[in-house]
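J.: If it helps, the file is called my_file.cif and holds mmCIF, C-alpha atoms:
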```cif
data_protein
#
loop_
_atom_site.label_atom_id
_atom_site.label_comp_id
_atom_site.auth_asym_id
_atom_site.auth_seq_id
_atom_site.Cartn_x
_atom_site.Cartn_y
_atom_site.Cartn_z
CA MET A 1 93.78 52.99 63.29
CA LYS A 2 92.71 56.25 64.92
CA PHE A 3 94.38 57.29 68.14
CA LEU A 4 91.71 59.24 69.98
CA LEU A 5 91.58 60.92 73.36
CA PRO A 6 89.13 59.80 76.04
CA ARG A 7 85.83 61.70 76.01
CA GLY A 8 86.06 65.05 77.74
CA MET A 9 89.83 65.37 77.25
CA ARG A 10 91.67 67.59 74.81
CA ASP A 11 95.15 68.76 73.92
CA LEU A 12 96.06 72.33 74.87
CA GLU A 13 97.08 73.94 71.60
CA PRO A 14 99.62 76.79 71.60
CA ASP A 15 97.11 79.67 71.59
CA GLU A 16 95.02 78.15 74.39
CA TYR A 17 98.11 77.35 76.42
CA LYS A 18 99.22 80.95 75.97
CA ASP A 19 95.84 82.24 77.19
CA ILE A 20 95.98 80.03 80.27
CA ASN A 21 99.47 81.30 81.01
CA VAL A 22 98.23 84.89 80.89
CA ILE A 23 95.81 84.03 83.69
CA ARG A 24 98.42 81.98 85.56
CA ASN A 25 100.90 84.87 85.53
CA ALA A 26 98.24 87.36 86.71
CA PHE A 27 97.24 84.94 89.48
CA ILE A 28 100.82 84.47 90.67
CA ASP A 29 101.28 88.24 90.71
CA SER A 30 98.04 88.71 92.66
CA ALA A 31 99.07 86.03 95.16
CA ARG A 32 102.35 87.87 95.67
CA ILE A 33 100.55 91.18 96.25
CA PHE A 34 98.32 89.59 98.91
CA ASN A 35 101.22 87.57 100.40
CA PHE A 36 99.72 84.14 99.73
CA MET A 37 102.12 81.19 99.85
CA LEU A 38 102.13 79.43 96.48
CA MET A 39 102.24 75.64 96.26
CA GLU A 40 100.64 72.75 94.36
CA PRO A 41 99.09 69.79 96.15
CA SER A 42 99.53 66.25 94.84
CA PRO A 43 97.43 65.30 91.77
CA LEU A 44 96.83 61.86 93.33
CA GLU A 45 95.04 61.42 96.64
CA LEU A 46 93.84 58.44 98.61
CA LEU A 47 90.17 57.95 97.82
CA SER A 48 89.41 58.06 101.54
CA THR A 49 90.81 61.61 101.68
CA LEU A 50 88.45 62.82 98.95
CA GLU A 51 85.53 61.02 100.58
CA THR A 52 86.19 63.00 103.77
CA LYS A 53 85.13 66.10 101.86
CA SER A 54 82.27 64.81 99.74
CA GLY A 55 81.23 61.35 100.97
CA PRO A 56 81.34 57.93 99.24
CA SER A 57 79.03 59.09 96.43
CA ILE A 58 81.88 61.24 95.06
CA THR A 59 83.18 58.17 93.18
CA LYS A 60 80.46 58.76 90.56
CA GLU A 61 81.98 62.14 89.70
CA ILE A 62 85.74 61.55 89.79
CA TYR A 63 88.49 59.39 88.30
CA ASN A 64 89.33 56.68 90.84
CA PHE A 65 91.08 53.33 90.56
CA VAL A 66 93.03 50.67 92.45
CA ASP A 67 96.79 51.07 92.03
CA LYS A 68 99.43 48.33 91.84
CA GLY A 69 99.72 48.36 95.62
CA ASN A 70 96.00 47.57 95.88
CA ARG A 71 95.29 51.06 97.25
CA ASN A 72 92.15 53.01 96.35
CA ILE A 73 93.45 56.12 94.60
CA ALA A 74 91.78 59.08 92.88
CA LEU A 75 92.77 62.11 90.82
CA ARG A 76 92.08 65.39 92.59
CA PHE A 77 88.81 67.04 91.59
CA ASP A 78 89.74 70.40 93.10
CA LEU A 79 92.70 72.02 94.86
CA THR A 80 90.98 72.74 98.18
CA ILE A 81 91.12 69.17 99.42
CA GLY A 82 94.89 68.85 98.87
CA LEU A 83 95.67 72.24 100.37
CA THR A 84 93.55 71.44 103.43
CA ARG A 85 95.17 68.01 103.84
CA TYR A 86 98.58 69.66 103.61
CA PHE A 87 97.67 72.38 106.10
CA VAL A 88 96.34 70.04 108.80
CA SER A 89 99.50 67.92 108.51
CA ARG A 90 101.72 70.95 109.18
CA ARG A 91 101.29 72.06 112.77
CA ASP A 92 104.37 74.26 112.35
CA LEU A 93 102.59 76.68 109.99
CA LYS A 94 101.86 80.06 111.52
CA ILE A 95 98.21 81.11 111.83
CA PRO A 96 96.63 82.55 109.78
CA THR A 97 98.09 80.52 106.92
CA LYS A 98 97.42 81.97 103.46
CA MET A 99 97.87 79.51 100.61
CA ALA A 100 97.38 79.72 96.85
CA SER A 101 97.57 77.20 94.04
CA PHE A 102 97.08 76.90 90.29
CA GLY A 103 96.77 73.56 88.52
CA GLY A 104 94.79 70.95 86.63
CA VAL A 105 91.91 68.94 88.09
CA TRP A 106 89.84 65.99 86.86
CA ARG A 107 86.07 65.45 87.11
CA TYR A 108 84.06 62.69 85.53
CA ASP A 109 81.00 64.77 84.75
CA GLU A 110 79.27 65.71 81.52
CA PRO A 111 81.49 67.95 79.35
CA GLN A 112 79.99 71.40 78.69
CA ALA A 113 80.91 74.84 77.36
CA GLY A 114 84.03 76.02 79.15
CA ARG A 115 84.36 72.79 81.12
CA TYR A 116 86.13 69.58 80.19
CA ARG A 117 86.85 66.50 82.30
CA PHE A 118 90.33 67.89 82.71
CA PHE A 119 90.51 71.60 83.32
CA HIS A 120 92.42 74.19 85.33
CA GLN A 121 91.64 76.00 88.54
CA TRP A 122 93.11 78.76 90.63
CA ASP A 123 92.56 78.49 94.37
CA ILE A 124 93.21 80.60 97.47
CA GLU A 125 92.65 79.61 101.10
CA ILE A 126 93.07 81.21 104.53
CA TYR A 127 93.31 78.84 107.49
CA GLY A 128 92.87 80.22 110.99
CA PRO A 129 90.26 81.49 113.46
CA THR A 130 86.91 82.48 111.97
CA SER A 131 87.04 86.19 111.24
CA ILE A 132 85.33 88.74 109.03
CA GLU A 133 88.80 90.03 108.16
CA SER A 134 89.69 86.72 106.51
CA ASP A 135 86.31 86.55 104.77
CA THR A 136 86.72 89.97 103.18
CA GLU A 137 90.37 89.28 102.26
CA ILE A 138 89.26 86.37 100.06
CA ILE A 139 86.48 88.41 98.43
CA GLU A 140 88.83 91.37 97.90
CA PHE A 141 91.40 89.10 96.23
CA THR A 142 88.72 87.75 93.89
CA SER A 143 87.58 91.23 92.85
CA ILE A 144 91.08 92.62 92.31
CA PHE A 145 92.32 89.52 90.48
CA LEU A 146 89.41 89.55 88.00
CA GLN A 147 89.94 93.27 87.54
CA LYS A 148 93.63 92.65 86.82
CA LEU A 149 92.58 90.29 84.03
CA GLY A 150 90.62 93.15 82.47
CA LEU A 151 87.19 91.59 83.01
CA ARG A 152 84.36 94.13 83.10
CA ASN A 153 80.83 93.65 84.42
CA ILE A 154 81.97 91.44 87.30
CA LEU A 155 79.39 91.15 90.08
CA ILE A 156 80.13 89.32 93.32
CA ASP A 157 77.01 87.83 94.91
CA ILE A 158 77.39 87.36 98.66
CA SER A 159 75.24 85.38 101.05
CA SER A 160 75.50 83.52 104.34
CA ARG A 161 74.67 79.90 105.07
CA ASN A 162 74.37 80.88 108.73
CA LEU A 163 71.72 83.45 107.84
CA ILE A 164 69.60 80.94 105.90
CA GLU A 165 70.03 78.36 108.65
CA GLU A 166 69.10 80.92 111.32
CA TYR A 167 65.95 81.79 109.37
CA ILE A 168 65.01 78.10 109.06
CA LYS A 169 65.55 77.38 112.75
CA ASN A 170 64.42 80.62 114.41
CA ILE A 171 61.62 81.76 112.12
CA LEU A 172 60.34 78.46 110.69
CA LYS A 173 61.15 76.45 113.83
CA ILE A 174 62.88 73.56 112.01
CA SER A 175 65.71 72.01 114.01
CA ASN A 176 66.35 68.80 112.07
CA ASP A 177 69.84 69.08 110.49
CA GLU A 178 69.14 66.65 107.64
CA GLU A 179 65.99 68.56 106.66
CA THR A 180 67.98 71.80 106.79
CA PHE A 181 70.64 70.36 104.47
CA GLU A 182 67.90 69.16 102.08
CA ILE A 183 66.54 72.71 101.97
CA PHE A 184 70.01 74.05 101.14
CA ARG A 185 70.35 71.50 98.32
CA ALA A 186 66.95 72.53 96.97
CA ILE A 187 67.82 76.23 96.98
CA ASP A 188 71.12 75.51 95.23
CA LYS A 189 69.26 73.82 92.33
CA ILE A 190 66.89 76.72 91.60
CA PRO A 191 69.20 78.70 89.24
CA LYS A 192 69.53 75.63 86.98
CA LYS A 193 66.12 73.96 87.32
CA GLY A 194 63.75 76.76 88.26
CA LYS A 195 61.48 77.18 91.27
CA ALA A 196 58.56 75.07 90.00
CA SER A 197 60.76 72.12 89.08
CA VAL A 198 62.54 72.16 92.45
CA LEU A 199 59.25 72.33 94.39
CA LYS A 200 58.03 69.29 92.45
CA GLU A 201 61.29 67.38 93.02
CA TYR A 202 61.17 67.90 96.79
CA ASP A 203 57.41 67.48 97.18
CA GLU A 204 57.72 64.27 99.20
CA ARG A 205 60.88 65.20 101.12
CA ILE A 206 60.15 68.68 102.47
CA ASP A 207 56.94 70.39 103.55
CA ILE A 208 56.11 72.46 100.47
CA LYS A 209 54.86 75.43 102.50
CA VAL A 210 58.14 75.48 104.40
CA LEU A 211 60.20 75.17 101.23
CA GLU A 212 58.21 77.96 99.52
CA LYS A 213 58.87 80.28 102.46
CA VAL A 214 62.59 79.56 102.41
CA ILE A 215 62.76 80.01 98.63
CA ASN A 216 60.93 83.34 98.91
CA PHE A 217 63.40 84.40 101.59
CA ALA A 218 66.34 83.27 99.43
CA GLU A 219 65.05 85.32 96.49
CA LYS A 220 66.05 88.54 98.26
CA LYS A 221 68.83 90.34 96.44
CA GLY A 222 70.13 93.88 96.21
CA SER A 223 72.50 96.18 98.05
CA PHE A 224 72.82 95.79 101.81
CA LYS A 225 71.17 99.17 102.26
CA GLU A 226 68.19 98.13 100.11
CA LEU A 227 67.57 94.97 102.16
CA ASP A 228 68.50 96.27 105.60
CA GLY A 229 65.10 97.59 106.67
CA ALA A 230 63.14 94.40 106.01
CA MET A 231 65.91 92.13 107.34
CA ASN A 232 66.22 94.04 110.61
CA LEU A 233 62.60 93.19 111.40
CA LEU A 234 63.58 89.50 111.54
CA LYS A 235 66.27 90.16 114.15
CA LEU A 236 68.72 87.62 112.73
CA LYS A 237 72.24 87.96 114.14
CA SER A 238 73.86 86.68 110.96
CA TRP A 239 72.49 89.72 109.11
CA GLU A 240 74.65 91.90 111.36
CA ASP A 241 77.68 89.82 110.34
CA LEU A 242 76.85 90.38 106.66
CA GLY A 243 76.62 94.09 107.44
CA LYS A 244 80.15 94.03 108.88
CA ILE A 245 81.41 92.25 105.76
CA ASN A 246 79.67 94.83 103.59
CA THR A 247 81.28 97.68 105.54
CA SER A 248 84.74 96.10 105.37
CA LEU A 249 84.49 95.60 101.60
CA SER A 250 83.30 99.18 101.19
CA ASN A 251 86.36 100.35 103.16
CA LYS A 252 88.53 98.35 100.74
CA GLY A 253 86.90 100.02 97.74
CA ILE A 254 85.21 96.80 96.61
CA ASN A 255 81.88 98.07 95.30
CA ASN A 256 80.95 95.40 92.75
CA ILE A 257 79.06 93.34 95.32
CA ARG A 258 75.43 92.40 95.84
CA ILE A 259 73.64 90.58 98.60
CA ASN A 260 72.00 87.52 97.01
CA LEU A 261 70.54 85.12 99.56
CA GLY A 262 69.98 82.53 96.84
CA ILE A 263 73.72 81.77 96.86
CA VAL A 264 74.17 78.84 99.23
CA ARG A 265 76.79 76.68 97.45
CA GLY A 266 75.65 73.07 97.27
CA LEU A 267 78.30 71.35 99.37
CA ASP A 268 77.29 70.61 102.95
CA TYR A 269 80.62 71.58 104.49
CA TYR A 270 80.08 75.32 103.91
CA SER A 271 79.36 76.97 107.22
CA GLY A 272 79.29 80.76 106.88
CA VAL A 273 79.68 83.43 104.23
CA VAL A 274 79.45 82.13 100.65
CA PHE A 275 79.84 83.99 97.38
CA GLU A 276 80.02 83.67 93.62
CA ALA A 277 81.49 86.00 91.00
CA ILE A 278 79.66 86.28 87.70
CA ASP A 279 80.19 88.22 84.51
CA THR A 280 76.85 89.91 83.88
CA GLY A 281 77.72 90.28 80.21
CA ASN A 282 77.41 86.55 79.44
CA ASP A 283 75.60 83.39 80.47
CA LEU A 284 78.65 81.31 81.39
CA GLY A 285 77.55 80.97 85.01
CA SER A 286 79.82 81.67 87.96
CA LEU A 287 83.48 82.29 87.19
CA VAL A 288 84.46 82.01 90.85
CA GLY A 289 82.88 80.36 93.86
CA GLY A 290 83.91 80.33 97.48
CA GLY A 291 83.02 80.56 101.10
CA ARG A 292 83.77 79.56 104.66
CA TYR A 293 84.10 75.83 105.28
CA ASN A 294 85.03 75.26 108.92
CA LYS A 295 83.41 71.82 108.83
CA LEU A 296 86.10 70.53 106.48
CA THR A 297 89.07 71.44 108.69
CA ASP A 298 87.07 69.91 111.56
CA ALA A 299 86.63 66.69 109.57
CA PHE A 300 90.39 66.59 108.94
CA GLY A 301 91.10 66.82 112.66
CA ARG A 302 91.76 70.54 113.15
CA LYS A 303 88.92 71.62 115.40
CA ASP A 304 90.94 74.63 116.54
CA VAL A 305 90.84 76.46 113.17
CA GLY A 306 88.48 77.16 110.32
CA ALA A 307 89.01 78.07 106.69
CA ILE A 308 87.69 80.25 103.92
CA GLY A 309 88.65 80.05 100.28
CA ALA A 310 87.73 80.62 96.67
CA ALA A 311 88.38 78.87 93.38
CA GLY A 312 87.85 79.77 89.74
CA GLY A 313 87.69 77.74 86.54
CA ILE A 314 90.39 78.94 84.17
CA GLU A 315 88.84 77.77 80.89
CA ARG A 316 85.58 79.51 81.74
CA ILE A 317 87.48 82.72 82.57
CA VAL A 318 89.27 82.41 79.22
CA LEU A 319 85.88 82.27 77.46
CA ALA A 320 84.70 85.36 79.32
CA MET A 321 87.88 87.23 78.41
CA LYS A 322 87.54 86.25 74.76
CA GLN A 323 83.93 87.43 74.67
CA GLN A 324 85.12 90.82 75.91
CA GLY A 325 87.96 90.94 73.39
CA ILE A 326 90.64 90.99 76.09
CA PHE A 327 92.82 88.58 74.12
CA LYS A 328 92.93 90.94 71.14
CA LYS A 329 95.94 90.49 68.93
CA ASP A 330 98.35 93.38 69.19
CA GLU A 331 98.79 95.21 65.89
CA ASN A 332 102.53 94.50 66.08
CA ASP A 333 102.04 90.90 67.22
CA GLU A 334 102.30 89.74 63.61
CA PHE A 335 106.03 89.98 64.16
CA LYS A 336 107.20 87.66 66.93
CA ASP A 337 110.11 88.65 69.12
CA LEU A 338 112.13 86.01 67.30
CA ASN A 339 115.58 86.33 65.79
CA TYR A 340 115.97 83.95 62.86
CA ILE A 341 119.44 83.24 61.46
CA VAL A 342 119.74 82.36 57.78
CA TYR A 343 122.97 81.31 56.07
CA ASP A 344 123.99 80.75 52.45
CA SER A 345 126.54 77.97 52.87
CA ILE A 346 126.74 74.80 54.96
CA GLU A 347 130.45 75.61 55.34
CA ILE A 348 129.56 78.28 57.92
CA TYR A 349 127.02 76.12 59.78
CA ASP A 350 129.42 75.75 62.76
CA TYR A 351 129.60 79.55 62.97
CA VAL A 352 125.79 79.82 62.90
CA GLU A 353 125.57 77.34 65.78
CA ARG A 354 127.99 79.40 67.89
CA LEU A 355 126.12 82.62 67.10
CA ALA A 356 122.71 81.14 67.93
CA SER A 357 123.98 79.67 71.20
CA TYR A 358 125.59 82.98 72.23
CA LEU A 359 122.38 84.93 71.61
CA ARG A 360 120.29 82.38 73.50
CA ARG A 361 122.58 82.62 76.52
CA ASN A 362 121.93 86.36 76.39
CA ASN A 363 118.15 85.75 76.54
CA PHE A 364 117.33 86.39 72.89
CA PRO A 365 114.80 84.02 71.28
CA VAL A 366 116.66 82.45 68.35
CA ASP A 367 115.90 79.85 65.73
CA TYR A 368 117.68 78.66 62.61
CA ASP A 369 117.32 75.95 60.01
CA LEU A 370 118.35 72.54 61.34
CA LEU A 371 117.97 70.81 57.98
CA ARG A 372 120.63 72.85 56.18
CA ARG A 373 118.25 73.76 53.37
CA SER A 374 118.81 76.31 50.64
CA PHE A 375 119.07 80.02 51.46
CA SER A 376 115.75 80.80 49.76
CA LYS A 377 113.93 78.13 51.78
CA GLN A 378 115.50 79.49 54.97
CA MET A 379 114.28 83.00 54.14
CA ALA A 380 110.82 81.64 53.47
CA GLU A 381 110.88 79.84 56.82
CA ALA A 382 111.96 83.01 58.64
CA GLU A 383 109.04 84.88 57.06
CA ASN A 384 106.59 82.04 57.80
CA LYS A 385 107.61 82.18 61.46
CA LYS A 386 106.96 85.94 61.33
CA SER A 387 110.38 86.65 62.79
CA LYS A 388 110.86 90.24 63.86
CA LYS A 389 114.60 90.17 63.13
CA ILE A 390 116.43 88.11 60.51
CA ILE A 391 120.20 87.76 60.83
CA ILE A 392 121.63 87.06 57.40
CA VAL A 393 125.02 85.36 57.45
CA SER A 394 126.73 85.28 54.05
CA LYS A 395 129.94 83.25 53.69
CA GLU A 396 131.49 85.92 51.47
CA ASP A 397 130.58 88.90 53.70
CA LEU A 398 131.66 87.03 56.79
CA GLU A 399 135.09 86.06 55.42
CA THR A 400 135.73 89.32 53.54
CA ASN A 401 134.40 92.02 55.86
CA GLY A 402 133.47 90.16 59.04
CA GLU A 403 129.90 91.40 58.68
CA VAL A 404 126.37 90.06 58.97
CA ILE A 405 123.14 91.78 57.96
CA LEU A 406 120.47 92.50 60.59
CA ARG A 407 117.06 92.83 58.95
CA ASP A 408 114.15 94.35 60.86
CA SER A 409 111.04 92.74 59.37
CA PHE A 410 108.73 95.29 60.99
CA GLN A 411 110.59 98.43 59.90
CA MET A 412 111.78 96.78 56.64
CA THR A 413 115.35 97.98 57.15
CA ASP A 414 118.76 96.32 56.81
CA ARG A 415 121.82 97.16 58.88
CA LYS A 416 125.35 95.77 58.48
CA ILE A 417 126.95 94.67 61.74
CA ASN A 418 130.70 94.03 62.11
CA ILE A 419 131.34 90.99 64.28
CA THR A 420 135.09 90.50 63.81
CA LYS A 421 135.62 91.26 67.53
CA GLY A 422 132.72 89.12 68.71
CA PHE A 423 128.96 89.36 68.96
CA ASP A 424 128.63 92.29 71.38
CA GLU A 425 127.80 94.88 68.71
CA LEU A 426 125.08 92.60 67.33
CA VAL A 427 123.66 92.14 70.83
CA ASN A 428 123.62 95.91 71.38
CA ASP A 429 121.76 96.44 68.12
CA LEU A 430 119.24 93.75 69.01
CA VAL A 431 118.68 95.43 72.37
CA GLU A 432 118.12 98.78 70.68
CA ILE A 433 115.57 97.27 68.30
CA ARG A 434 113.82 95.47 71.19
CA LEU A 435 113.58 98.67 73.25
CA GLY A 436 112.65 100.75 70.22
#
```
Just give me the structure of the file as structure tokens.
T.:
Amino acid sequence: MKFLLPRGMRDLEPDEYKDINVIRNAFIDSARIFNFMLMEPSPLELLSTLETKSGPSITKEIYNFVDKGNRNIALRFDLTIGLTRYFVSRRDLKIPTKMASFGGVWRYDEPQAGRYRFFHQWDIEIYGPTSIESDTEIIEFTSIFLQKLGLRNILIDISSRNLIEEYIKNILKISNDEETFEIFRAIDKIPKKGKASVLKEYDERIDIKVLEKVINFAEKKGSFKELDGAMNLLKLKSWEDLGKINTSLSNKGINNIRINLGIVRGLDYYSGVVFEAIDTGNDLGSLVGGGRYNKLTDAFGRKDVGAIGAAGGIERIVLAMKQQGIFKKDENDEFKDLNYIVYDSIEIYDYVERLASYLRRNNFPVDYDLLRRSFSKQMAEAENKKSKKIIIVSKEDLETNGEVILRDSFQMTDRKINITKGFDELVNDLVEIRLG
């Protein structure tokens, strides 16, 4: 009988787990630098909570079930919903509230490159009054964090839902909200399906001439300076707001940005600036997506505040980093920072246990043979584990001279250490080798 995992799931093997931890540690450090409060929302939510964000149709895309208490429950599909639920429940939190999280999420969609049905996300949110300062803080974090990871060729595409909506209402004279949302959904599909396919799909839902005009408008991309002349002729207030964001980011030294009006983010709750970060050196799609979503805090009962946030898929970032060779193996990485103790007699096994425990309490990685195998097999195991230091404990040397041998596998040197007065001299030598 084969014991298989459900489709779209996989085990995180040691190397992949290590790569994810590299990103996790960089994220935690970045959150500290920007003074974001770290937390993790519950993996399980009431289905009604998730439907507040995405509507009843979300059940087709998530893992949901009825629990033993006959409650409709679902696994979180992102971190934003839990952080927002937590925020609105805590009236004692000072505004603006800056929150960050890193964790696993579940989505019942088609597995693809860099995306499984269980994957990891990082997430940052700022809850408070709508402000350009908060908008640019989120974008600045995204740029600096990806830079910290060593990713090159990162481009942050910035747009504004308000700008597109203002164009639709003021220039095209369309005031119907549902038709406006349909136009947003159509624009969002163009990168994946292409202009012709989208026009055909929406032929019976939206006036094609109207949709073509909006798509042509949304195709504008370039620096703010390059687009400013033509956009000023339209006299759209939201363009001025994008200009202020552009100036603020320039003041912060964030220059890897581009205005791309085709970025609208498909979810209806977005209500202002939106952005995506891509690696122009690959075709993985967006590594990070975010924007202002005041409608969600409103839906959760906090009409007095808005929110802006960003989230990135960890596995996709790992792929981008691997393509750029960021996870290169260090030339000295063949030798792990592991101290392996070998012994030539089971009569000194108690001594080996005491030595290993002492070193571990002093923060040295230590392993030794638990099966009490022969000395030669222990040496082979130490070499197989690519131990940087091997501590050789011989019954004769220990009882006669009170000595052990410290072998440096990298330098290929042996040093005799006297431990009749305890293990301090051995610890000092291990520290010297570590620092050296």
J.: Per residue of segment 65-166 of chain A within 12 Å of segment 221-237 of chain A, note the shortest atom pair and the distance in Å to one decimal, counting all atoms listed in the file, and order the rows by chain and increasing residue number, as a tab-separated table.
T.:
```
residue	atom	partner	partner_atom	distance
A:Leu155	CA	A:Gly222	CA	11.4
A:Ile156	CA	A:Ser223	CA	11.3
A:Asp157	CA	A:Lys221	CA	8.7
A:Ile158	CA	A:Lys221	CA	9.3
A:Ser159	CA	A:Lys221	CA	9.3
A:Ser160	CA	A:Lys237	CA	11.2
A:Asn162	CA	A:Lys237	CA	9.2
A:Leu163	CA	A:Leu236	CA	7.1
A:Ile164	CA	A:Leu236	CA	9.6
A:Glu165	CA	A:Leu236	CA	10.2
A:Glu166	CA	A:Leu236	CA	6.9
```
J.: Please, what distance in Å, to one decimal, runs between atom CA of Gly128 of chain A and atom CA of Asn255 of chain A?
T.: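 Distance between the two atoms: 26.2 Å.
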J.: Looking at A:Arg265, A:Tyr340, A:Val210, A:Ala307, which one is nearest to Lys173 of chain A, with distances taken over only C-alpha atoms?
T.: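 That would be A:Val210, the residue with the smallest distance to Lys173 of chain A.
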J.: Per residue of segment 127-238 of chain A within 7 Å of segment 309-328 of chain A, which atom pair is closest and at what distance in Å (one decimal), using all atoms listed in the file, listed by chain and increasing number, as a Markdown table?
T.:
```
| residue | atom | partner | partner_atom | distance |
| --- | --- | --- | --- | --- |
| A:Ile138 | CA | A:Gly309 | CA | 6.4 |
| A:Gly150 | CA | A:Ile326 | CA | 6.7 |
| A:Leu151 | CA | A:Met321 | CA | 6.4 |
```
J.: Please write the residues from the selection above to a file, keeping C-alpha atoms, as a short mmCIF file (atom, residue, chain, number, x, y, z; two decimals), keeping the file's coordinate frame.
T.:
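Ended up saving to part-v3.cif:
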```cif
data_model
loop_
_atom_site.label_atom_id
_atom_site.label_comp_id
_atom_site.auth_asym_id
_atom_site.auth_seq_id
_atom_site.Cartn_x
_atom_site.Cartn_y
_atom_site.Cartn_z
CA ILE A 138 89.26 86.37 100.06
CA GLY A 150 90.62 93.15 82.47
CA LEU A 151 87.19 91.59 83.01
#
```
J.: For each of A:Ile308, A:Leu47, A:Ile73, A:Ile144, take the minimum atom-to-atom distance to Met99 of chain A, counting all atoms listed in the file, then give the residue where this is smallest.
T.: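 Of A:Ile308, A:Leu47, A:Ile73, A:Ile144, the one nearest Met99 of chain A is A:Ile308, counting all atoms listed in the file.
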J.: Please provide the set of residues having any atom within 10 Å of Glu133 of chain A, restricted to only C-alpha atoms, with same-chain residues fewer than 5 positions apart removed, written as a ChimeraX atom specification.
T.: /A:138,244-245,248-249
J.: Would you kindly return, as a VMD selection string, each protein, DNA or RNA residue with an atom no farther than 8 Å from any atom of segment 179-187 of chain A, considering only C-alpha atoms and excluding same-chain residues fewer than 2 positions away?
T.: chain A and resid 165 168 174 to 177 189 to 190 198 202 206 211 214 to 215 218 262 264 266 268
J.: From the options A:Ile263, A:Pro365, A:Asp188, A:Ser197, which residue's atoms come nearest to Lys220 of chain A, counting all atoms listed in the file?
T.: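 Checking each candidate against Lys220 of chain A, we get A:Ile263 as the closest.
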J.: Name the residues captured by the PyMOL selection byres ((chain A and resi 83-96) around 10) when it is applied to the shown file; answer as a ChimeraX atom specification.
T.: /A:39-42,45,49-50,78-82,97-101,123-130,134,296-298,300-302,305-307
J.: Pick from A:Lys68, A:Lys195, A:Arg161, A:Lys303: nearest to Leu261 of chain A, with all atoms listed in the file counted?
T.: A:Arg161
J.: What would the selection look like, as a PDB file with C-alpha atoms, in the frame of the given file, if the PyMOL selection byres ((chain A and resi 33) around 12) were run on the coordinates I just shared?
T.:
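As a result, out-v8.pdb now contains:
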```pdb
ATOM      1  CA  ALA A  26      98.240  87.360  86.710  1.00  0.00           C
ATOM      2  CA  PHE A  27      97.240  84.940  89.480  1.00  0.00           C
ATOM      3  CA  ILE A  28     100.820  84.470  90.670  1.00  0.00           C
ATOM      4  CA  ASP A  29     101.280  88.240  90.710  1.00  0.00           C
ATOM      5  CA  SER A  30      98.040  88.710  92.660  1.00  0.00           C
ATOM      6  CA  ALA A  31      99.070  86.030  95.160  1.00  0.00           C
ATOM      7  CA  ARG A  32     102.350  87.870  95.670  1.00  0.00           C
ATOM      8  CA  PHE A  34      98.320  89.590  98.910  1.00  0.00           C
ATOM      9  CA  ASN A  35     101.220  87.570 100.400  1.00  0.00           C
ATOM     10  CA  PHE A  36      99.720  84.140  99.730  1.00  0.00           C
ATOM     11  CA  MET A  37     102.120  81.190  99.850  1.00  0.00           C
ATOM     12  CA  LEU A  38     102.130  79.430  96.480  1.00  0.00           C
ATOM     13  CA  ALA A 100      97.380  79.720  96.850  1.00  0.00           C
ATOM     14  CA  GLU A 137      90.370  89.280 102.260  1.00  0.00           C
ATOM     15  CA  GLU A 140      88.830  91.370  97.900  1.00  0.00           C
ATOM     16  CA  PHE A 141      91.400  89.100  96.230  1.00  0.00           C
ATOM     17  CA  ILE A 144      91.080  92.620  92.310  1.00  0.00           C
ATOM     18  CA  PHE A 145      92.320  89.520  90.480  1.00  0.00           C
ATOM     19  CA  LYS A 148      93.630  92.650  86.820  1.00  0.00           C
TER      20      LYS A 148
END
```
